[in-house]
Amino acid sequence: MNVRVFLLAIFWANQALTQGFAGLGTEAQGFSIPDPDYDITFPQDHGAHPDFRIEWWYLTATLEAEDGRAFGVQWTLFRSALRPEEAEGWDGGQVYLGHAGLTTAETHYRSERFARGGIGQAGVVAEPFTAFIDDWEMRGEGLDLQQLSLFARGMDFSYDLDLTADGPIIFHGQDGYSVKSPQGQASHYYSQPFYRVTGTLTLPEGDVEVTGNGWLDREWSSQPLAADQEGWDWFSLQFVDGARLMGFGLRGLETVFTSATWIDPDGTVTPYGDGELRMEALEWAEIAGREVPVSWRVELPERGVDIVTTPLNPGAWMDLSFAYWEGPISFSGSHEGRGYLEMTGY
Amino acid sequence: MPVLETLFSHWRRHPGQLATLVLGLALATALWSGVQAINEEARQSYARAASTLGAGQGERLISPDGAEIPVADYVSLRRAGWLVSPVMEGELALSGTTWRVIGVDPLTAPTGAIPQGAFETTADAPAFLGRPGLVFVAPDSAPAAPPDFPAIITSDAIAPGLMLTDIGTAARLLERNTLSFLTLVPTQPDGLPPLSTLTDLRREAPAGEQDLSRLTDSFHLNLTAFGFLSFAVGLFIVHASIGLAFEQRRPVFRTLRAIGVPFSRLITALAFEVTLIALVAGSAGVILGYVIAAALLPDVAGTLHNLYGAQISGTLAFRPVWALLGLAIAVLGTWVSSAQSFWHLITMPLLAPAQPRAWSMRSARATRRQAGVGAVLLVISAALAGIGGSLAIGFLSLGALLIGAALLLPGVVVVVLRIAERPIRSAYGEWVLADTRQLLPGLSLALMALLLALAANIGVSTMVGSFRLTFAGWLDQRLVSELYITAQDEYQADAIRDFLAPQVASVLPIAMAETRIDGLPATVFGIVDDDTYREYWPLLETVTDPWDRLADDTGLLINEQLARRSGLDLGDRVTLHPDLTLPVAAIYSDYGNPNGQAMISLDLLEQTFPDTDQTRSAFRTGDADVEALRQSVLARFDLPQGHIRDQASQKAVALRVFDQTFRVTGALNVLTLAVAGFALLASLLTLANMRLPQVAPIWALGQTRARLARTELIRTLGIVAVTWVIALPVGLALAWVLLAIVNVEAFGWRLPMTLFPADYARLLGYAMLSSTIAAALPALRLLRLPPAQLLKVFSNER
């Protein structure tokens with residue numbers, strides 16, 4: 001058994017690895033279950049929910065240098081509970097995993113960190129908001145996290161970004177209760193999709209000043225996938241006119257469960273249930289020895305959306321303890337713009 | 001195939017000869033491969049110990065004063081971006097055994113920190129981090145654990161005596177929350193702030209287990225040398241029996257050639273035959289070697305543990321590669337020792353008659369040449385011993401000494417025979433001596449083997465004997481206190497000292513701290529000023545007032561090992577701690593361990609090292625009754641078995657440890673001697689058959705077979721006695737090299753050499769006994785030889 005599988009097994013505690021992607025589709029014994037009537041409140045829900053099995057603080061940003069070069073940045077802190085509690089000490093019950101990605105047209109930089117909660121090496125504080133693992137950090141200001149600062153460092157790259165929100169926090173599904181399968185698996189899910197970003201990327205060839213757009217996702221659950229769902233394809237799209245679209249498809253054995261949230265430039269949201277968003281892989285390529293879609297056709301007929309996506313770098317493979325594709329994309333067709341794509345379970 | 005059948009028929013007719021050959025080769029292979037198996041097992045154990053830590057490969061961060069590291073220091077380094085991983089080490093007493101517990105953090109540990117294959121199933125991984133947690137131990141060593149103890153899982157990847165677990169579990173088991181050291185991940189991210197701006201912790205190259213393998217190298221070299229010696233001695237047997245088989249089959253070869261078998265076919269068939277025998281005997285040898293190794297391994301493990309604190313599994317794993325190597329060395333050895341016979345067969349004219357005298361003449365020249373080489377080797381050996389200074393030179397000197405003496409032996413025996421000849425007047429006497437000279441070339445290999453075995457025996461027993469005498473004397477000096485108590489913890493130690501203080505003459509706390517001196521692990525002891533030390537402590541070199549210097553903190557004492565290793569003399573300054581450097585006031589002898597030691601005053605130790613072990617105390621009881629004191633302590637305090645010892649049992653334990661240390665050496669010694677005796681038997685049997693043509697004329701001239709047989713016996717004993725006489729100085733020289741060079745390098749102490757004449761005489765007795773047995777068989781055969789056969793010599797061969 002190699003170290004990666006070992007770490008993965010620790011992270012997705014008590015799971016059989018064969019069930020769903022990274023064990024996300026298993027029973028949640030002793031843990032809380034997402035509640036449709038739950039009222040998300042800030043600042044406390046920016047913090048950790050140790051009684052839920054998994055949780056993440058997920059930021060992606062599409063960036064551009066002055067010379068027009070495009071970049072993508074990902075910063076993620078995953079939390080996985082060994083027990084439904086957070087205690088002090090070496091066996092505090094919570095394990096954290098940080099993933100950082102930095103994508104250029106040529107190279108995809110990535111890094112990961114594991115740490116346990118309870119000793120101060122990793123954790124999340126709701127007020128003042130801080131999510132951290134080692135020297136990676138996401139700090140926020142304001143009740144709605146209007147200001148964020150972001151730092152991560154890999155072996156040969158780092159980034160240091162400042163983010164300011166231009167719009168409100170939005171809630172997916174039913175006031176943040178996001179259904180993930182026909183059987184009713186769900187998560188609590190909200191986003192801040194309106195960040196403007198400025199900052200510095202440090203690459204082996206030197207520093208690059210960048211500006212762009214950022215998107216924060218917050219999600220927690222105890223069993224977000226059905227047992228037969230083996231992965232998902234997730235988009236966050238920023239249209240040129242300022243509207244946003246979040247959409248995902250969860251791949252079951254025979255069917256794909258889709259869900260989408262339309263976000264007007266003023267932050268008004270319209271949720272779309274299973275089947276209304278249509279996704280079709282147009283082109284496949286072999287990446288890291290696996291067949292992965294590199295171009296998608298995405299349709300939301302209700303909004304007249306019919307676009308085709310193109311990755312900035314098809315090799316944006318997060319080759320870490322658990323591997324997936326995550327990188328910036330651009331799209332054209334009925335609409336134009338940029339976004340981020342995540343594809344897991346390939 | 002008829003050629004092979006013909007060749008094999010020889011063995012059918014001489015089953016004894018075949019048995020000798022197979023047994024000799026099997027013995028040689030067994031000793032060689034047995035030693036290899038032991039060494040390999042030990043090496044695997046060290047490797048396991050090293051790989052468990054993972055720190056074996058990487059740098060560490062340690063506290064400069066050797067103290068424990070707070071968890072907060074670890075966290076702040078991680079939060080600054082440095083990839084370090086915490087390790088918590090400690091000892092845990094469980095069901096009578098002390099375990100070394102190592103707690104690691106698998107989330108941050110560098111690759112290799114967790115042994116490959118330690119986790120059989122993915123279910124183990126989360127359980128490893130949780131409660132009650134998992135503990136990995138070596139196979140067959142799982143302790144009986146209390147009910148709330150973590151689940152125990154056995155793994156081949158774990159060294160014996162070790163418990164590997166999660167750092168959280170270790171913290172619970174050891175009841176503490178500080179770290180022993182941090183492992184530095186080999187590659188760090190770009191752009192980090194310098195470590196020196198973040199922490200006082202000191203970077204340290206990986207050490208621990210490498211120290212161990214460096215220390216134990218000498219021990220394994222010793223074993224290897226013995227294994228090789230045994231193998232070489234065993235090959236003499238092979239050489240003798242194959243030589244005989246070739247010699248006896250010369251008529252067969254002649255016949256085969258005469259009826260048209262090509263020479264190449266004959267050689268191929270013989271090579272096949274020799275290889276086949278080597279494979280069979282080699283296989284038997286490998287099996288026997290495994291048995292020997294399995295029998296000796298517990299002792300070896302004990303030795304390594306006592307001497308070096310190394311943990312070796314007491315059970316032997318069977319490794320196919322090792323078995324194949326054993327077979328290969330058997331085949332190779334057989335080829336080498338039959339090379340001469342093949343050479344004779346190829347070069348000698350096929351129809352050449354036996355010309356023993358001509359042989360002997362040619363061999364006299366060879367003997368002189370050989371003696372010359374031997375003398376040169378002895379000079380080289382002496383020169384190497386003069387240079388000294390390293391283990392390799394010590395062993396080279398030993399090798400040159402033994403080989404040189406062996407090569408010189410036949411020449412010396414010839415000279416002895418010539419001297420013995422002068423006073424002899426009787427014709428029979430002259431014939432005996434002349435015949436003996438004739439005999440020498442055939443016997444010389446066996447005699448050389450015997451010389452090697454005898455010399456090794458004398459040398460090693462002198463070394464061990466000297467060591468033991470010195471050690472016992474040192475114990476008497478060092479263990480003057482009547483009572484020794486190791487408490488469970490420091491509170492109990494204080495309580496015991498307070499309890500006993502009014503009843504005894506003096507209380508001597510034994511406080512110690514671990515540190516590194518000159519980069520190597522060392523122990524610092526803190527002592528109180530007491531007459532016991534002033535009167536009895538065994539000092540080798542000292543300034544005029546060492547104990548006053550120690551008492552007023554202007555000097556320290558170091559042990560001989562440290563002095564030799566670091567080249568320290570009186571007055572040289574030694575740094576025990578960044579804040580503490582003192583001059584050497586005295587050097588004391590210390591035969592208990594291979595590590596460096598220093599002694600300072602108790603107060604200074606406490607001031608300098610915050611983390612000291614003060615659980616041990618010694619008590620001078622004065623007039624009080626030791627046993628009564630012992631009982632009163634036992635009645636009042638909860639002390640585990642063996643934690644309270646009186647002087648006599650402490651000494652007994654020390655001596656038992658000592659004896660166990662050399663038990664393996666002793667066993668190998670006896671085995672080597674046995675092989676040498678067997679070699680002599682094989683040679684004598686060979687010669688007895690070949691020498692019929694020489695004996696027959698003497699018999700025909702009127703000597704009785706009984707007298708001839710008696711002569712045979714006496715002559716053999718005489719030659720063996722001469723060999724012993726020569727082995728004596730060689731063995732003493734060997735002992736000297738062992739004591740003055742090898743031990744100094746291997747252990748760090750030099751011992752005075754003592755002679756044990758009674759032991760040497762006993763060895764002569766054993767040698768005579770075994771050669772009497774060896775010579776008796778051929779002599780008996782001569783005695784019972786039908787006269788007709790002696791007559792045949794005249795009718796058939798000549």
# chains A, B, ... in the order shown; residues from 1 in each chain; ligands from 1

$ residues_around --residues "stretch 35-39 of chain B" --least-positions-apart "4" --cutoff "8 Å" --atoms "only C-alpha atoms" --output "CSV table (one decimal) with C-alpha atoms, in the first residue's frame"
chain,number,residue,atom,x,y,z
B,31,LEU,CA,30.1,-22.7,9.0
B,43,ARG,CA,21.9,-6.3,8.9
B,220,HIS,CA,30.2,-8.7,12.2
B,223,LEU,CA,32.1,-13.3,12.7
B,224,THR,CA,32.9,-13.1,9.0
B,227,GLY,CA,33.4,-18.0,9.1
B,289,GLY,CA,24.4,-23.8,8.2
B,290,TYR,CA,20.8,-22.7,8.8
B,293,ALA,CA,22.8,-20.0,12.6
B,297,LEU,CA,21.3,-16.4,16.7
B,300,VAL,CA,24.3,-13.2,18.9
B,316,LEU,CA,16.1,-16.6,11.6
B,322,TRP,CA,21.5,-16.7,1.0

$ residues_around --residues "A:Arg297" --least-positions-apart "2" --cutoff "7 Å" --atoms "only C-alpha atoms" --output "short mmCIF file (atom, residue, chain, number, x, y, z; two decimals) with N, CA and C atoms, in the first residue's frame"
data_model
loop_
_atom_site.label_atom_id
_atom_site.label_comp_id
_atom_site.auth_asym_id
_atom_site.auth_seq_id
_atom_site.Cartn_x
_atom_site.Cartn_y
_atom_site.Cartn_z
N MET A 279 -25.04 18.69 -20.38
CA MET A 279 -23.59 18.73 -20.56
C MET A 279 -23.19 17.57 -21.45
N GLU A 280 -22.30 17.84 -22.39
CA GLU A 280 -21.89 16.79 -23.32
C GLU A 280 -20.40 16.93 -23.57
N ALA A 281 -19.66 15.88 -23.32
CA ALA A 281 -18.22 15.89 -23.58
C ALA A 281 -18.00 15.79 -25.08
N LEU A 282 -17.29 16.79 -25.64
CA LEU A 282 -17.10 16.79 -27.09
C LEU A 282 -15.79 16.13 -27.49
N GLU A 299 -25.32 23.37 -22.11
CA GLU A 299 -26.57 24.03 -22.52
C GLU A 299 -27.47 24.25 -21.32
N ILE A 307 -22.98 26.75 -25.17
CA ILE A 307 -21.59 27.15 -25.35
C ILE A 307 -20.69 25.93 -25.46
N VAL A 308 -19.46 26.15 -25.94
CA VAL A 308 -18.43 25.11 -26.01
C VAL A 308 -17.21 25.61 -25.25
N THR A 309 -16.66 24.78 -24.38
CA THR A 309 -15.54 25.22 -23.53
C THR A 309 -14.20 24.75 -24.09
#

$ residues_around --residues "B:Ala585" --least-positions-apart "6" --cutoff "8 Å" --atoms "only C-alpha atoms" --output "ChimeraX atom specification"
/B:542-543,545-546,549-550,555-557,570-571

$ write_last_selection --atoms "N, CA and C atoms" --output "PDB file, in the first residue's frame"
ATOM      1  N   THR B 542      45.321  10.353  35.309  1.00  0.00           N
ATOM      2  CA  THR B 542      44.661  11.382  36.095  1.00  0.00           C
ATOM      3  C   THR B 542      45.612  12.530  36.452  1.00  0.00           C
ATOM      4  N   VAL B 543      45.035  13.702  36.623  1.00  0.00           N
ATOM      5  CA  VAL B 543      45.800  14.799  37.208  1.00  0.00           C
ATOM      6  C   VAL B 543      45.865  14.539  38.709  1.00  0.00           C
ATOM      7  N   ASP B 545      44.519  15.905  41.384  1.00  0.00           N
ATOM      8  CA  ASP B 545      43.345  16.011  42.258  1.00  0.00           C
ATOM      9  C   ASP B 545      42.046  15.956  41.452  1.00  0.00           C
ATOM     10  N   PRO B 546      41.808  14.855  40.716  1.00  0.00           N
ATOM     11  CA  PRO B 546      40.665  14.831  39.799  1.00  0.00           C
ATOM     12  C   PRO B 546      39.332  15.039  40.505  1.00  0.00           C
ATOM     13  N   ARG B 549      38.669  18.616  41.376  1.00  0.00           N
ATOM     14  CA  ARG B 549      38.330  19.347  40.157  1.00  0.00           C
ATOM     15  C   ARG B 549      36.870  19.120  39.787  1.00  0.00           C
ATOM     16  N   LEU B 550      36.471  17.854  39.905  1.00  0.00           N
ATOM     17  CA  LEU B 550      35.092  17.515  39.570  1.00  0.00           C
ATOM     18  C   LEU B 550      34.132  18.188  40.545  1.00  0.00           C
ATOM     19  N   GLY B 555      36.674  20.599  36.207  1.00  0.00           N
ATOM     20  CA  GLY B 555      37.189  19.501  35.400  1.00  0.00           C
ATOM     21  C   GLY B 555      36.136  18.413  35.263  1.00  0.00           C
ATOM     22  N   LEU B 556      36.353  17.530  34.294  1.00  0.00           N
ATOM     23  CA  LEU B 556      35.437  16.407  34.138  1.00  0.00           C
ATOM     24  C   LEU B 556      36.236  15.135  33.918  1.00  0.00           C
ATOM     25  N   LEU B 557      35.567  14.006  34.087  1.00  0.00           N
ATOM     26  CA  LEU B 557      36.201  12.712  33.842  1.00  0.00           C
ATOM     27  C   LEU B 557      35.582  12.113  32.586  1.00  0.00           C
ATOM     28  N   LEU B 570      44.620  14.288  29.037  1.00  0.00           N
ATOM     29  CA  LEU B 570      44.395  15.092  30.234  1.00  0.00           C
ATOM     30  C   LEU B 570      44.555  16.563  29.868  1.00  0.00           C
ATOM     31  N   GLY B 571      43.636  17.390  30.347  1.00  0.00           N
ATOM     32  CA  GLY B 571      43.730  18.830  30.102  1.00  0.00           C
ATOM     33  C   GLY B 571      43.017  19.286  28.847  1.00  0.00           C
TER      34      GLY B 571
END

$ residues_around --residues "A:Ala87" --least-positions-apart "6" --cutoff "8 Å" --atoms "only C-alpha atoms" --output "ChimeraX atom specification"
/A:93,117-118

$ closest_residue --among "B:Thr615, B:Thr608, B:Ser770, B:Gln477" --to "B:Phe678" --atoms "only C-alpha atoms"
B:Ser770

$ residues_around --residues "stretch 241-246 of chain B" --least-positions-apart "5" --cutoff "10 Å" --atoms "only C-alpha atoms" --output "PyMOL selection string"
chain B and resi 7+10-11+14+17-22+24+235-236+251-253+270+274+334+337-342+344-345+442+679+682-683+685-687+689-690

$ closest_residue --among "B:Ser63, B:Thr98, B:Thr108, B:Thr665" --to "chain A" --atoms "only C-alpha atoms"
B:Thr108

$ residues_around --residues "stretch 191-194 of chain B" --least-positions-apart "3" --cutoff "8 Å" --atoms "only C-alpha atoms" --output "short mmCIF file (atom, residue, chain, number, x, y, z; two decimals) with C-alpha atoms, in the first residue's frame"
data_model
loop_
_atom_site.label_atom_id
_atom_site.label_comp_id
_atom_site.auth_asym_id
_atom_site.auth_seq_id
_atom_site.Cartn_x
_atom_site.Cartn_y
_atom_site.Cartn_z
CA ALA B 80 6.24 29.40 8.52
CA GLY B 81 6.23 26.96 5.61
CA TRP B 82 8.98 24.56 6.64
CA THR B 197 15.49 33.22 11.92
CA LEU B 198 12.63 30.99 13.04
#

$ closest_residue --among "A:Pro265, A:Gly273, A:Pro193, A:Pro43" --to "A:Ile169" --atoms "only C-alpha atoms"
A:Pro193

$ residues_around --residues "B:Ala779" --least-positions-apart "6" --cutoff "7 Å" --atoms "only C-alpha atoms" --output "list in words"
Ala709, Glu712 and Leu713 of chain B

$ write_last_selection --atoms "C-alpha atoms" --output "PDB file, in the first residue's frame"
ATOM      1  CA  ALA B 709      51.182 -49.300  13.466  1.00  0.00           C
ATOM      2  CA  GLU B 712      52.363 -44.485  12.757  1.00  0.00           C
ATOM      3  CA  LEU B 713      50.481 -43.392  15.860  1.00  0.00           C
TER       4      LEU B 713
END

$ closest_residue --among "A:Leu63, A:Val73, A:His49, A:Phe114" --to "chain B" --atoms "only C-alpha atoms"
A:Phe114

$ atom_distance --atom1 "atom CA of B:Leu576" --atom2 "atom CA of B:Thr515"
6.9 Å

$ decode --residues "stretch 504-527 of chain B" --atoms "N, CA and C atoms" --output "PDB file, in the first residue's frame"
ATOM      1  N   VAL B 504      21.971   4.109  56.011  1.00  0.00           N
ATOM      2  CA  VAL B 504      23.175   3.676  55.285  1.00  0.00           C
ATOM      3  C   VAL B 504      24.306   4.674  55.494  1.00  0.00           C
ATOM      4  N   ALA B 505      25.511   4.238  55.080  1.00  0.00           N
ATOM      5  CA  ALA B 505      26.683   5.093  55.252  1.00  0.00           C
ATOM      6  C   ALA B 505      26.664   6.271  54.281  1.00  0.00           C
ATOM      7  N   SER B 506      26.343   5.983  52.992  1.00  0.00           N
ATOM      8  CA  SER B 506      26.209   7.112  52.069  1.00  0.00           C
ATOM      9  C   SER B 506      25.268   6.757  50.920  1.00  0.00           C
ATOM     10  N   VAL B 507      24.631   7.803  50.398  1.00  0.00           N
ATOM     11  CA  VAL B 507      23.695   7.659  49.282  1.00  0.00           C
ATOM     12  C   VAL B 507      24.358   8.265  48.052  1.00  0.00           C
ATOM     13  N   LEU B 508      24.425   7.493  46.996  1.00  0.00           N
ATOM     14  CA  LEU B 508      25.056   7.988  45.769  1.00  0.00           C
ATOM     15  C   LEU B 508      24.031   8.013  44.635  1.00  0.00           C
ATOM     16  N   PRO B 509      23.397   9.168  44.404  1.00  0.00           N
ATOM     17  CA  PRO B 509      22.445   9.220  43.295  1.00  0.00           C
ATOM     18  C   PRO B 509      23.203   9.040  41.976  1.00  0.00           C
ATOM     19  N   ILE B 510      22.606   8.341  41.029  1.00  0.00           N
ATOM     20  CA  ILE B 510      23.225   8.195  39.715  1.00  0.00           C
ATOM     21  C   ILE B 510      22.353   8.971  38.727  1.00  0.00           C
ATOM     22  N   ALA B 511      22.776  10.179  38.412  1.00  0.00           N
ATOM     23  CA  ALA B 511      21.986  11.000  37.492  1.00  0.00           C
ATOM     24  C   ALA B 511      22.681  11.030  36.146  1.00  0.00           C
ATOM     25  N   MET B 512      21.899  10.990  35.088  1.00  0.00           N
ATOM     26  CA  MET B 512      22.563  11.027  33.779  1.00  0.00           C
ATOM     27  C   MET B 512      21.708  11.750  32.752  1.00  0.00           C
ATOM     28  N   ALA B 513      22.376  12.222  31.714  1.00  0.00           N
ATOM     29  CA  ALA B 513      21.698  12.878  30.603  1.00  0.00           C
ATOM     30  C   ALA B 513      22.379  12.434  29.321  1.00  0.00           C
ATOM     31  N   GLU B 514      21.577  12.351  28.264  1.00  0.00           N
ATOM     32  CA  GLU B 514      22.150  11.956  26.975  1.00  0.00           C
ATOM     33  C   GLU B 514      22.588  13.213  26.237  1.00  0.00           C
ATOM     34  N   THR B 515      23.732  13.140  25.584  1.00  0.00           N
ATOM     35  CA  THR B 515      24.175  14.271  24.770  1.00  0.00           C
ATOM     36  C   THR B 515      25.015  13.713  23.637  1.00  0.00           C
ATOM     37  N   ARG B 516      25.602  14.588  22.875  1.00  0.00           N
ATOM     38  CA  ARG B 516      26.528  14.131  21.841  1.00  0.00           C
ATOM     39  C   ARG B 516      27.851  14.849  22.046  1.00  0.00           C
ATOM     40  N   ILE B 517      28.910  14.081  22.044  1.00  0.00           N
ATOM     41  CA  ILE B 517      30.236  14.674  22.168  1.00  0.00           C
ATOM     42  C   ILE B 517      30.960  14.365  20.866  1.00  0.00           C
ATOM     43  N   ASP B 518      31.495  15.400  20.230  1.00  0.00           N
ATOM     44  CA  ASP B 518      32.142  15.225  18.930  1.00  0.00           C
ATOM     45  C   ASP B 518      31.188  14.585  17.930  1.00  0.00           C
ATOM     46  N   GLY B 519      29.906  14.866  18.063  1.00  0.00           N
ATOM     47  CA  GLY B 519      28.937  14.364  17.097  1.00  0.00           C
ATOM     48  C   GLY B 519      28.484  12.940  17.342  1.00  0.00           C
ATOM     49  N   LEU B 520      28.999  12.287  18.386  1.00  0.00           N
ATOM     50  CA  LEU B 520      28.588  10.906  18.642  1.00  0.00           C
ATOM     51  C   LEU B 520      27.841  10.842  19.973  1.00  0.00           C
ATOM     52  N   PRO B 521      26.899   9.913  20.072  1.00  0.00           N
ATOM     53  CA  PRO B 521      26.105   9.854  21.295  1.00  0.00           C
ATOM     54  C   PRO B 521      26.979   9.557  22.513  1.00  0.00           C
ATOM     55  N   ALA B 522      26.682  10.210  23.605  1.00  0.00           N
ATOM     56  CA  ALA B 522      27.449  10.000  24.823  1.00  0.00           C
ATOM     57  C   ALA B 522      26.527  10.255  26.013  1.00  0.00           C
ATOM     58  N   THR B 523      26.900   9.675  27.143  1.00  0.00           N
ATOM     59  CA  THR B 523      26.113   9.852  28.351  1.00  0.00           C
ATOM     60  C   THR B 523      26.926  10.672  29.346  1.00  0.00           C
ATOM     61  N   VAL B 524      26.284  11.662  29.950  1.00  0.00           N
ATOM     62  CA  VAL B 524      26.953  12.448  30.983  1.00  0.00           C
ATOM     63  C   VAL B 524      26.363  12.044  32.331  1.00  0.00           C
ATOM     64  N   PHE B 525      27.240  11.698  33.263  1.00  0.00           N
ATOM     65  CA  PHE B 525      26.784  11.329  34.600  1.00  0.00           C
ATOM     66  C   PHE B 525      27.066  12.473  35.568  1.00  0.00           C
ATOM     67  N   GLY B 526      26.155  12.672  36.485  1.00  0.00           N
ATOM     68  CA  GLY B 526      26.372  13.647  37.538  1.00  0.00           C
ATOM     69  C   GLY B 526      26.532  12.910  38.859  1.00  0.00           C
ATOM     70  N   ILE B 527      27.621  13.168  39.582  1.00  0.00           N
ATOM     71  CA  ILE B 527      27.853  12.423  40.827  1.00  0.00           C
ATOM     72  C   ILE B 527      28.058  13.395  41.985  1.00  0.00           C
TER      73      ILE B 527
END
